[in-house]
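**Student:** Please find start28.cif (mmCIF, C-alpha atoms and all ligand atoms) on the next line:
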data_target
loop_
_atom_site.label_atom_id
_atom_site.label_comp_id
_atom_site.auth_asym_id
_atom_site.auth_seq_id
_atom_site.Cartn_x
_atom_site.Cartn_y
_atom_site.Cartn_z
CA MET A 119 108.47 52.93 203.41
CA LEU A 120 106.22 50.59 205.33
CA TYR A 121 105.66 47.25 203.65
CA CYS A 122 102.15 46.60 204.86
CA LYS A 123 99.48 44.20 203.57
CA LYS A 124 98.12 46.87 201.24
CA PHE A 125 101.56 47.39 199.75
CA TYR A 126 101.86 43.75 198.70
CA GLU A 127 98.24 43.65 197.53
CA HIS A 128 99.06 46.56 195.25
CA GLN A 129 102.14 44.79 193.87
CA PHE A 130 100.05 41.64 193.39
CA VAL A 131 97.59 43.59 191.22
CA SER A 132 100.47 45.08 189.20
CA LEU A 133 101.92 41.61 188.62
CA THR A 134 98.50 40.25 187.63
CA LYS A 135 98.20 43.00 185.02
CA TYR A 136 101.72 42.36 183.83
CA ILE A 137 100.99 38.64 183.27
CA ARG A 138 97.76 39.48 181.43
CA ASN A 139 99.39 42.08 179.18
CA LYS A 140 102.48 40.07 178.40
CA TYR A 141 101.07 36.55 178.00
CA ASN A 142 97.28 36.87 178.12
CA TRP A 143 96.98 34.66 181.18
CA SER A 144 94.47 35.29 183.98
CA VAL A 145 95.10 35.12 187.71
CA ILE A 146 92.38 33.80 190.00
CA CYS A 147 92.51 33.82 193.81
CA LEU A 148 90.32 31.25 195.51
CA THR A 149 90.05 30.14 199.13
CA GLY A 150 92.00 26.94 199.73
CA GLU A 151 93.01 26.62 196.07
CA ILE A 152 96.28 24.86 195.22
CA ASP A 153 98.78 27.38 193.82
CA ARG A 154 99.48 26.45 190.23
CA ALA A 155 99.72 27.54 186.61
CA ASP A 156 97.12 25.73 184.50
CA PHE A 157 98.67 25.48 181.04
CA GLU A 158 95.46 24.44 179.26
CA ASP A 159 93.21 27.18 180.63
CA ARG A 160 95.98 29.80 180.81
CA ILE A 161 95.01 30.59 184.39
CA VAL A 162 97.24 30.99 187.45
CA TYR A 163 95.42 29.87 190.60
CA ILE A 164 96.52 31.34 193.91
CA ASN A 165 95.28 30.40 197.38
CA SER A 166 93.65 33.57 198.73
CA ARG A 167 94.07 32.36 202.33
CA CYS A 168 97.78 33.16 202.35
CA HIS A 169 99.21 36.47 203.56
CA PRO A 170 99.43 39.09 200.76
CA GLU A 171 103.23 39.07 200.90
CA THR A 172 103.37 35.27 200.51
CA ARG A 173 100.74 35.44 197.78
CA PHE A 174 102.87 37.94 195.89
CA TYR A 175 105.96 35.70 196.07
CA THR A 176 103.92 32.70 194.96
CA LEU A 177 102.56 34.65 192.00
CA LEU A 178 106.11 35.68 191.05
CA HIS A 179 107.01 31.99 191.05
CA GLU A 180 103.98 31.02 188.97
CA TYR A 181 104.88 33.83 186.58
CA GLY A 182 108.24 32.06 186.22
CA HIS A 183 106.45 28.89 185.02
CA VAL A 184 104.35 30.91 182.56
CA ASP A 185 107.47 32.68 181.29
CA ILE A 186 109.32 29.37 180.79
CA LEU A 187 106.38 27.96 178.85
CA GLU A 188 105.60 31.02 176.77
CA ARG A 189 109.03 32.34 176.07
CA ASP A 190 112.11 30.21 175.91
CA SER A 191 111.95 26.74 177.32
CA SER A 192 114.41 26.00 174.47
CA GLU A 193 117.19 27.53 176.58
CA LEU A 194 116.39 25.08 179.39
CA GLN A 195 116.07 22.23 176.93
CA LEU A 196 119.49 22.94 175.48
CA SER A 197 121.30 23.43 178.74
CA VAL A 198 119.61 20.73 180.84
CA PRO A 199 119.39 17.44 178.90
CA CYS A 200 116.68 15.85 181.05
CA TYR A 201 114.45 18.86 180.47
CA GLN A 202 114.07 17.99 176.76
CA SER A 203 111.77 15.02 177.21
CA PHE A 204 110.10 16.62 180.22
CA HIS A 205 109.02 19.52 178.05
CA GLU A 206 107.07 17.12 175.83
CA LYS A 207 105.74 14.80 178.50
CA ARG A 208 105.27 16.64 181.78
CA CYS A 209 103.99 13.77 183.93
CA ASP A 210 107.16 11.74 183.69
CA ARG A 211 107.99 10.15 187.06
CA SER A 212 111.30 8.67 186.01
CA LYS A 213 114.54 9.89 187.54
CA SER A 214 115.12 12.38 184.74
CA GLY A 215 111.47 13.51 184.86
CA LYS A 216 111.77 14.26 188.57
CA ILE A 217 115.06 16.10 188.14
CA ALA A 218 113.56 18.10 185.27
CA THR A 219 110.64 19.03 187.53
CA ILE A 220 113.04 20.36 190.17
CA VAL A 221 115.08 22.18 187.52
CA GLU A 222 111.93 23.95 186.32
CA GLU A 223 110.85 24.77 189.89
CA ILE A 224 114.20 26.41 190.63
CA GLU A 225 114.14 28.23 187.29
CA ALA A 226 110.61 29.54 187.98
CA TRP A 227 111.66 30.96 191.38
CA LYS A 228 114.69 32.52 189.72
CA ARG A 229 112.67 34.19 186.96
CA GLY A 230 110.16 35.51 189.50
CA CYS A 231 112.95 37.10 191.51
CA LEU A 232 114.57 38.63 188.43
CA LEU A 233 111.24 40.08 187.28
CA ALA A 234 110.73 41.75 190.67
CA ILE A 235 114.19 43.32 190.38
CA ASP A 236 113.50 44.42 186.77
CA MET A 237 110.15 45.96 187.67
CA ASP A 238 111.42 47.57 190.86
CA TRP A 239 108.92 45.63 192.95
CA HIS A 240 109.96 45.18 196.54
CA ILE A 241 110.66 41.71 197.86
CA ASN A 242 112.10 40.77 201.21
CA ILE A 243 114.79 38.45 199.91
CA LYS A 244 114.97 36.47 203.17
CA LYS A 245 111.23 35.78 203.07
CA TYR A 246 111.32 35.05 199.35
CA GLU A 247 114.10 32.54 199.98
CA LYS A 248 112.13 30.95 202.84
CA ASN A 249 109.08 30.49 200.60
CA MET A 250 111.28 29.13 197.84
CA ASN A 251 113.08 26.71 200.15
CA GLU A 252 109.82 25.42 201.65
CA ALA A 253 108.32 24.80 198.23
CA LEU A 254 111.47 23.24 196.79
CA TRP A 255 111.91 21.00 199.78
CA GLY A 256 108.47 19.54 199.12
CA TYR A 257 109.58 18.65 195.59
CA ILE A 258 112.89 17.24 196.81
CA GLU A 259 111.07 14.96 199.28
CA TRP A 260 108.64 13.95 196.54
CA ALA A 261 111.56 13.18 194.21
CA GLY A 262 113.35 11.12 196.87
CA GLY A 263 110.26 9.08 197.68
CA ARG A 264 109.37 5.81 195.96
CA ASP A 265 106.05 5.59 194.20
ZN ZN B 1 106.22 25.67 190.76
#
For the file at hand, write its structure as structure tokens.
Ligand SMILES: [Zn+2]

**Tutor:**
Amino acid sequence: MLYCKKFYEHQFVSLTKYIRNKYNWSVICLTGEIDRADFEDRIVYINSRCHPETRFYTLLHEYGHVDILERDSSELQLSVPCYQSFHEKRCDRSKSGKIATIVEEIEAWKRGCLLAIDMDWHINIKKYEKNMNEALWGYIEWAGGRD
């Protein structure tokens, strides 16, 4: 099996459909857009400039955020104390707010990976990890900074 661009584009479409069917969220790819899940509009934005494989991993991660929000953030709230207040007030820049942000980021990457395994979608685990590490490191630097 050759994991070409088309292969990941196909998986991306499958994941988009999955997110729509399960949670009624849309996925929009735009040039230069910041990757994110918009909780008010129920839209996941993905930067279309990235390579299809990277785009697929990013969408898996954003799915993780949607899944946390739509399904069972109560599990996170129970097991991670600082996540309780974060769930109600997402823009908290206190120490516990920052830690809660990182907790959710890690959880979202985890859920994306588990979904891919469940659905039998192919991911290159080394590349997935690299994307995850890059993204998490950005949050860790943000959390360590003073603002
Ligand atoms: Zn994220």

**Student:** Could you make a table, as CSV, of the residues of chain A that have an atom within 7 Å of an atom of ligand ZN 1 (chain B), each with its nearest atom pair and distance in Å to one decimal, counting all atoms listed in the file, in chain and number order?

**Tutor:**
residue,atom,partner,partner_atom,distance
A:Arg154,CA,B:ZN1,ZN,6.8
A:His179,CA,B:ZN1,ZN,6.4
A:Glu180,CA,B:ZN1,ZN,6.1
A:His183,CA,B:ZN1,ZN,6.6
A:Glu223,CA,B:ZN1,ZN,4.8
A:Ala226,CA,B:ZN1,ZN,6.5

**Student:** Give me, as a compact mmCIF listing (two decimals) with C-alpha atoms, in the frame of the given file, all polymer residues having an atom no more than 9 Å from stretch 240-246 of chain A, counting all atoms listed in the file and skipping those fewer than 2 positions away in the same chain.

**Tutor:**
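File written: around02.txt
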# COMPACT_ATOMS: atom_id res chain seq x y z
CA TYR A 121 105.66 47.25 203.65
CA TYR A 126 101.86 43.75 198.70
CA GLN A 129 102.14 44.79 193.87
CA GLU A 171 103.23 39.07 200.90
CA THR A 172 103.37 35.27 200.51
CA PHE A 174 102.87 37.94 195.89
CA TYR A 175 105.96 35.70 196.07
CA THR A 176 103.92 32.70 194.96
CA TRP A 227 111.66 30.96 191.38
CA CYS A 231 112.95 37.10 191.51
CA ALA A 234 110.73 41.75 190.67
CA ILE A 235 114.19 43.32 190.38
CA MET A 237 110.15 45.96 187.67
CA ASP A 238 111.42 47.57 190.86
CA LYS A 248 112.13 30.95 202.84
CA ASN A 249 109.08 30.49 200.60
CA MET A 250 111.28 29.13 197.84
CA ASN A 251 113.08 26.71 200.15

**Student:** Point out the residue among A:Asp156, A:Trp255, A:Leu233, A:Asp190 with the least atom-to-atom distance to A:Leu133, counting only C-alpha atoms.

**Tutor:**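 Counting only C-alpha atoms, the residue closest to A:Leu133 is A:Leu233.
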
**Student:** Can you work out the spacing between atom CA of A:Thr149 and atom CA of A:Asp185 in Å, to one decimal?

**Tutor:**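 Interatomic distance, atom CA of A:Thr149 to atom CA of A:Asp185: 25.1 Å.
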
**Student:** Could you work out an axis-aligned box for stretch 159-174 of chain A, taking every atom the file lists and adding 8 Å on each side, and report centre and edge lengths in Å to one decimal, as lines of an AutoDock Vina configuration file?

**Tutor:**
center_x = 98.3
center_y = 33.1
center_z = 192.1
size_x = 26.2
size_y = 27.9
size_z = 38.9

**Student:** Within 9 Å of A:Pro170, counting all atoms listed in the file, which residues show up once you throw out same-chain ones fewer than 6 positions away? Write them as a PyMOL selection string, please.

**Tutor:** chain A and resi 122-127+130

**Student:** Distance atom CA of A:Leu177-atom CA of A:Ser191, one decimal place?

**Tutor:**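 Value for the atom CA of A:Leu177-atom CA of A:Ser191 distance: 19.1 Å.
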
**Student:** If you measure from atom CA of A:Thr134 to atom CA of A:Tyr201, what distance in Å do you get, rounded to one decimal?

**Tutor:**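 Rounded to one decimal, the two atoms are 27.6 Å apart.
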
**Student:** For A:Tyr257, work out the shell of residues within 10 Å, counting all atoms listed in the file and skipping chain neighbours fewer than 4 positions away, then give it as a list of chain:residue names.

**Tutor:**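 That gives A:Lys216, A:Ile217, A:Thr219, A:Ile220, A:Glu223, A:Asn251, A:Glu252, A:Ala253, A:Ala261, A:Gly262, A:Gly263.
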